[in-house]
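Here is model03.csv, consisting of CSV, C-alpha atoms:
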```
chain,number,residue,atom,x,y,z
A,831,MET,CA,-14.7,-64.2,10.1
A,832,SER,CA,-12.1,-62.6,12.4
A,833,ALA,CA,-9.8,-64.8,14.3
A,834,HIS,CA,-10.7,-62.8,17.4
A,835,PHE,CA,-14.3,-63.9,17.4
A,836,ARG,CA,-14.9,-66.6,19.9
A,837,ASP,CA,-16.1,-69.9,18.6
A,838,TRP,CA,-18.1,-71.5,21.4
A,839,THR,CA,-19.6,-74.4,19.5
A,840,TRP,CA,-17.6,-76.8,21.7
A,841,PHE,CA,-19.3,-75.3,24.8
A,842,TRP,CA,-23.0,-75.5,24.2
A,843,ARG,CA,-24.7,-77.8,21.7
A,844,GLY,CA,-28.3,-77.2,22.7
A,845,THR,CA,-31.2,-74.9,21.9
A,846,ASN,CA,-30.4,-71.7,20.1
A,847,VAL,CA,-31.0,-69.0,22.7
A,848,LEU,CA,-30.0,-66.1,20.5
A,849,ALA,CA,-32.7,-63.6,19.7
A,850,GLU,CA,-33.5,-63.4,16.0
A,851,GLU,CA,-33.0,-59.7,15.6
A,852,VAL,CA,-29.5,-58.3,15.1
A,853,GLN,CA,-29.1,-54.5,15.5
A,854,ALA,CA,-26.4,-52.4,13.9
A,855,ILE,CA,-25.7,-49.5,16.2
A,856,ASP,CA,-23.2,-46.7,16.5
A,857,ARG,CA,-22.1,-46.3,20.2
A,858,PRO,CA,-20.3,-43.5,21.8
A,859,GLU,CA,-17.2,-44.1,24.0
A,860,LYS,CA,-18.2,-45.7,27.3
A,861,HIS,CA,-16.2,-45.3,30.5
A,862,LEU,CA,-16.2,-48.1,33.1
A,863,VAL,CA,-15.0,-48.5,36.7
A,864,GLY,CA,-14.7,-52.0,38.1
A,865,PHE,CA,-12.4,-55.0,38.2
A,866,ARG,CA,-9.9,-56.4,35.7
A,867,ILE,CA,-8.5,-60.0,35.6
A,868,ARG,CA,-6.6,-62.1,33.1
A,869,ALA,CA,-7.5,-65.7,32.8
A,870,THR,CA,-8.6,-68.4,30.4
A,871,LEU,CA,-12.2,-69.2,29.8
A,872,ASN,CA,-11.7,-72.6,31.4
A,873,GLU,CA,-10.2,-71.0,34.5
A,874,ILE,CA,-13.1,-68.6,34.6
A,875,LEU,CA,-15.7,-71.3,34.3
A,876,LYS,CA,-14.0,-73.5,37.0
A,877,SER,CA,-13.3,-70.8,39.5
A,878,LYS,CA,-16.4,-68.7,38.9
A,879,VAL,CA,-14.2,-65.6,39.4
A,880,VAL,CA,-16.3,-63.3,37.1
A,881,HIS,CA,-19.4,-64.3,39.1
A,882,ARG,CA,-17.6,-63.3,42.3
A,883,LEU,CA,-16.3,-60.0,40.8
A,884,ARG,CA,-19.8,-58.9,39.6
A,885,GLN,CA,-21.2,-59.7,43.0
A,886,GLU,CA,-18.4,-57.6,44.6
A,887,LEU,CA,-19.0,-54.8,42.1
A,888,ALA,CA,-22.7,-54.8,42.9
A,889,SER,CA,-21.9,-54.6,46.7
A,890,ARG,CA,-19.4,-51.8,46.2
A,891,ALA,CA,-21.3,-49.8,43.6
A,892,GLY,CA,-21.9,-47.0,46.1
A,893,GLU,CA,-18.2,-46.3,46.1
A,894,ILE,CA,-18.2,-45.5,42.3
A,895,ALA,CA,-18.9,-41.8,41.5
A,896,GLY,CA,-20.9,-40.8,38.5
A,897,LYS,CA,-22.6,-44.1,37.7
A,898,THR,CA,-24.9,-43.8,34.6
A,899,GLU,CA,-26.6,-47.2,34.4
A,900,ASP,CA,-27.9,-49.8,36.9
A,901,GLY,CA,-26.4,-52.8,35.0
A,902,ILE,CA,-22.9,-54.2,34.7
A,903,TYR,CA,-20.7,-54.6,31.7
A,904,LEU,CA,-18.4,-57.5,30.9
A,905,VAL,CA,-15.7,-56.6,28.4
A,906,GLN,CA,-13.5,-59.4,27.0
A,907,VAL,CA,-10.3,-58.3,25.4
A,908,TYR,CA,-8.3,-60.8,23.3
A,909,ASP,CA,-4.6,-60.7,22.5
A,910,GLY,CA,-4.7,-61.9,19.0
A,911,PRO,CA,-5.7,-64.8,16.7
A,912,GLY,CA,-5.8,-68.3,17.7
A,913,TRP,CA,-8.1,-68.0,20.7
A,914,THR,CA,-9.0,-71.3,22.5
A,915,PRO,CA,-10.7,-71.9,25.9
A,916,ASN,CA,-7.1,-72.2,27.3
A,917,THR,CA,-5.8,-68.9,25.9
A,918,PRO,CA,-5.6,-66.2,28.6
A,919,PHE,CA,-7.4,-62.9,27.9
A,920,THR,CA,-8.5,-59.9,29.8
A,921,HIS,CA,-11.9,-59.6,31.5
A,922,VAL,CA,-13.3,-56.3,32.8
A,923,VAL,CA,-16.4,-56.3,35.0
A,924,GLY,CA,-17.5,-52.7,35.4
A,925,LYS,CA,-20.1,-50.0,36.0
A,926,ALA,CA,-20.6,-47.3,33.4
A,927,VAL,CA,-19.6,-43.8,34.6
A,928,ASP,CA,-20.1,-40.3,33.1
A,929,ARG,CA,-16.4,-39.6,33.3
A,930,LEU,CA,-13.2,-41.2,34.6
A,931,GLY,CA,-12.1,-39.7,37.9
A,932,ALA,CA,-11.1,-41.2,41.2
A,933,VAL,CA,-11.2,-45.0,41.1
A,934,PRO,CA,-12.0,-46.8,44.4
A,935,THR,CA,-9.2,-48.8,46.0
A,936,GLY,CA,-8.7,-52.2,44.3
A,937,MET,CA,-10.7,-51.2,41.2
A,938,THR,CA,-9.6,-50.1,37.7
A,939,ALA,CA,-10.9,-47.9,34.9
A,940,HIS,CA,-11.5,-49.1,31.3
A,941,THR,CA,-12.9,-47.3,28.2
A,942,ILE,CA,-14.9,-49.1,25.5
A,943,PRO,CA,-14.0,-47.1,22.4
A,944,ALA,CA,-16.7,-45.5,20.2
A,945,GLY,CA,-17.6,-47.4,17.1
A,946,HIS,CA,-20.0,-49.4,15.0
A,947,PHE,CA,-21.3,-52.5,16.7
A,948,LEU,CA,-23.6,-55.4,16.0
A,949,ARG,CA,-25.9,-56.0,19.0
A,950,PHE,CA,-27.1,-59.6,19.6
A,951,GLU,CA,-29.4,-60.5,22.4
A,952,HIS,CA,-29.0,-63.7,24.4
A,953,LYS,CA,-32.3,-64.8,25.9
A,954,GLY,CA,-32.4,-67.3,28.8
A,955,PRO,CA,-30.1,-68.3,31.5
A,956,GLU,CA,-26.5,-67.0,31.4
A,957,SER,CA,-25.3,-70.5,31.7
A,958,ARG,CA,-26.5,-71.1,28.2
A,959,ILE,CA,-24.8,-68.1,26.6
A,960,GLY,CA,-22.3,-70.3,24.8
A,961,GLY,CA,-25.2,-71.3,22.4
A,962,SER,CA,-25.7,-67.6,21.6
A,963,TYR,CA,-22.0,-67.1,20.9
A,964,ALA,CA,-22.1,-70.2,18.5
A,965,ALA,CA,-25.2,-68.7,16.8
A,966,MET,CA,-23.5,-65.3,16.5
A,967,ASN,CA,-20.4,-67.0,15.0
A,968,ALA,CA,-22.7,-68.6,12.4
A,969,TRP,CA,-24.6,-65.4,11.7
A,970,MET,CA,-21.3,-63.4,11.2
A,971,LYS,CA,-20.0,-66.1,8.8
A,972,ASP,CA,-23.4,-66.3,6.9
A,973,ASN,CA,-23.6,-62.5,6.5
A,974,GLN,CA,-19.9,-62.0,5.6
A,975,ARG,CA,-19.3,-59.8,8.6
A,976,GLU,CA,-16.0,-59.5,10.6
A,977,GLN,CA,-15.2,-58.3,14.0
A,978,CYS,CA,-12.8,-55.3,13.5
A,979,ALA,CA,-11.3,-55.1,17.0
A,980,PRO,CA,-10.1,-57.8,19.4
A,981,PHE,CA,-12.8,-57.4,22.0
A,982,ASP,CA,-16.5,-57.8,22.7
A,983,PHE,CA,-18.8,-56.9,25.5
A,984,GLU,CA,-21.9,-58.0,27.3
A,985,TYR,CA,-24.4,-55.9,29.2
A,986,TRP,CA,-26.1,-57.5,32.2
A,987,GLY,CA,-29.1,-55.4,33.1
A,988,ASP,CA,-30.0,-57.3,36.3
A,989,ILE,CA,-27.4,-59.7,37.7
A,990,ALA,CA,-29.9,-61.1,40.2
A,991,LYS,CA,-31.9,-62.5,37.2
A,992,LEU,CA,-29.1,-63.9,35.0
A,993,GLU,CA,-30.2,-67.5,35.4
A,994,ALA,CA,-33.9,-66.8,34.9
A,995,PRO,CA,-35.6,-68.2,31.8
A,996,ASP,CA,-36.6,-64.6,30.7
A,997,SER,CA,-33.1,-63.1,31.3
A,998,THR,CA,-31.6,-61.1,28.5
A,999,ILE,CA,-28.0,-60.2,27.9
A,1000,GLY,CA,-26.9,-57.7,25.2
A,1001,ILE,CA,-23.8,-58.9,23.4
A,1002,HIS,CA,-21.9,-56.3,21.3
A,1003,LEU,CA,-19.3,-56.9,18.6
A,1004,PRO,CA,-17.3,-54.1,17.0
A,1005,VAL,CA,-17.6,-54.3,13.2
A,1006,ARG,CA,-16.9,-52.0,10.3
A,1007,ALA,CA,-19.9,-50.0,9.2
A,1008,SER,CA,-21.5,-51.2,6.0
A,1009,ALA,CA,-21.0,-49.0,2.9
```

Rewrite the structure of this file - the entire thing - as C-alpha cells.
Amino acid sequence: MSAHFRDWTWFWRGTNVLAEEVQAIDRPEKHLVGFRIRATLNEILKSKVVHRLRQELASRAGEIAGKTEDGIYLVQVYDGPGWTPNTPFTHVVGKAVDRLGAVPTGMTAHTIPAGHFLRFEHKGPESRIGGSYAAMNAWMKDNQREQCAPFDFEYWGDIAKLEAPDSTIGIHLPVRASA
C-alpha cells in the first residue's frame, strides 16, 4: 500500500458505506477551474472551508467558461509519505472545463492527469465518507494494489444532496494498470 493513500480508520468506525463494486477505468486528462487551499484534514473539518468553497464555486459557476459537467471535483494532493490528519496538503475544489483559458478572479486552474484509476463509490451522507476511505484502504491492501501518484479525487454530482442517505460520491485513485 502506498504511503500516500489516506488511512481514515481513526475517523469513522461505523457502518461500511462503500459500494461493493470497484471499477478500473482509464480516464483522459481533466481540466478544472475553481479554488485551491492548503490545510490539514483537522483544519478542514474544524473550519468547514471546503464546504464553503464548494458553495462559493456553485454560486460563481456562471463565471467559468466552457464547463463540461454539472458536478464539482475535490482533488487532494499530498506532499509525500507519512500523511496524518495534521499534515498539510493541497485541496482543489473545481468545475470541469473543456480547455484551460481565462480564469475568473480569485480562482485557479488545475489539471488531473490522464491515467488508470480505480473508482470506488461512497454511498450515503458525505459526513460518513471516512468509512469509505477506510474500506478502500482495506480493499487496496487485500488486493495488492498501490496508489501510483500522490493524489486522489472525488466527484460530487449534486452538492445539495451530499448529506442525503442516497447520496453517492465517486472516489478515484490513480493506480498502475494490471498486466

**OP:** May I have the residues within 9 Å of A:Gln906 as number ranges by chain, using only C-alpha atoms and disregarding those fewer than 5 positions away in the same chain?
**Re:** A: 919-922, 980-984

Those same residues, written as a PDB file, keeping the file's coordinate frame with C-alpha atoms?
```pdb
ATOM      1  CA  PHE A 919      -7.400 -62.900  27.900  1.00  0.00           C
ATOM      2  CA  THR A 920      -8.500 -59.900  29.800  1.00  0.00           C
ATOM      3  CA  HIS A 921     -11.900 -59.600  31.500  1.00  0.00           C
ATOM      4  CA  VAL A 922     -13.300 -56.300  32.800  1.00  0.00           C
ATOM      5  CA  PRO A 980     -10.100 -57.800  19.400  1.00  0.00           C
ATOM      6  CA  PHE A 981     -12.800 -57.400  22.000  1.00  0.00           C
ATOM      7  CA  ASP A 982     -16.500 -57.800  22.700  1.00  0.00           C
ATOM      8  CA  PHE A 983     -18.800 -56.900  25.500  1.00  0.00           C
ATOM      9  CA  GLU A 984     -21.900 -58.000  27.300  1.00  0.00           C
TER      10      GLU A 984
END
```

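Shortest separation to A:Met937 among A:Val852, A:Val863, A:Met970, A:Ala965 occurs at residue A:Val863, atoms counted being all atoms listed in the file.
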
Subject >> Exercise: stretch 944-951 of chain A partners within 12 Å, all atoms listed in the file, chain neighbours under 5 positions left out, as a count of residues only >> reply: 53

**OP:** Determine, counting all atoms listed in the file, which protein, DNA and RNA residues have an atom within 7 Å of an atom of A:Asn916; residues of the same chain fewer than 2 positions away are not included. Present the result as a PyMOL selection string.
**Re:** chain A and resi 870-872+914+918

Please identify all polymer residues lying at most 7 Å from the point (-11.3, -58.3, 39.3) (file coordinates), using only C-alpha atoms, and present the result as a CSV table (one decimal) with C-alpha atoms, keeping the file's coordinate frame.
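As a result, selection11.csv now contains:
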```csv
chain,number,residue,atom,x,y,z
A,865,PHE,CA,-12.4,-55.0,38.2
A,866,ARG,CA,-9.9,-56.4,35.7
A,867,ILE,CA,-8.5,-60.0,35.6
A,883,LEU,CA,-16.3,-60.0,40.8
A,923,VAL,CA,-16.4,-56.3,35.0
```

Original post:
Pick the closest to A:Gly936 from A:Val907, A:Ala968, A:Ile894, A:Ala869: which is it, counting all atoms listed in the file?
Top reply: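 Between A:Val907, A:Ala968, A:Ile894, A:Ala869, the residue approaching A:Gly936 most closely is A:Ile894.
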
**OP:** Measuring atom to atom with only C-alpha atoms, identify which of A:Trp913, A:Arg884, A:Leu862, A:Ala891 is nearest to A:Gly931.
**Re:** A:Leu862

**OP:** Mind listing whatever residues come within 12 Å of the point (-12.5, -40.6, 42.0)? Use only C-alpha atoms, file coordinates, and give them as a list in words.
**Re:** Val863, Glu893, Ile894, Ala895, Gly896, Lys897, Val927, Asp928, Arg929, Leu930, Gly931, Ala932, Val933, Pro934, Thr935, Met937, Thr938 and Ala939 of chain A

Original post:
How many Å separate atom CA of A:Arg958 from atom CA of A:Ala990?
Top reply: 16.0 Å

Original post:
Of the candidates A:Val905, A:Val879, A:Ile874, A:Leu992, which shows the shortest atom-to-atom distance to A:His952, using all atoms listed in the file?
Top reply: A:Leu992

Original post:
Just how far from atom CA of A:Asp900 is atom CA of A:Gln885, in Å to one decimal?
Top reply: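 Between atom CA of A:Gln885 and atom CA of A:Asp900 the gap is 13.4 Å.
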
Subject >> Between atom CA of A:Gly960 and atom CA of A:Val880 - distance in Å to one decimal >> reply: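 Separating atom CA of A:Val880 from atom CA of A:Gly960 is a distance of 15.4 Å.
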
Subject >> Which residue of A:His881, A:Lys876, A:Lys971, A:Arg868 approaches A:Ile902 most closely, using all atoms listed in the file >> reply: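 Among A:His881, A:Lys876, A:Lys971, A:Arg868, it is A:His881 that comes nearest to A:Ile902.
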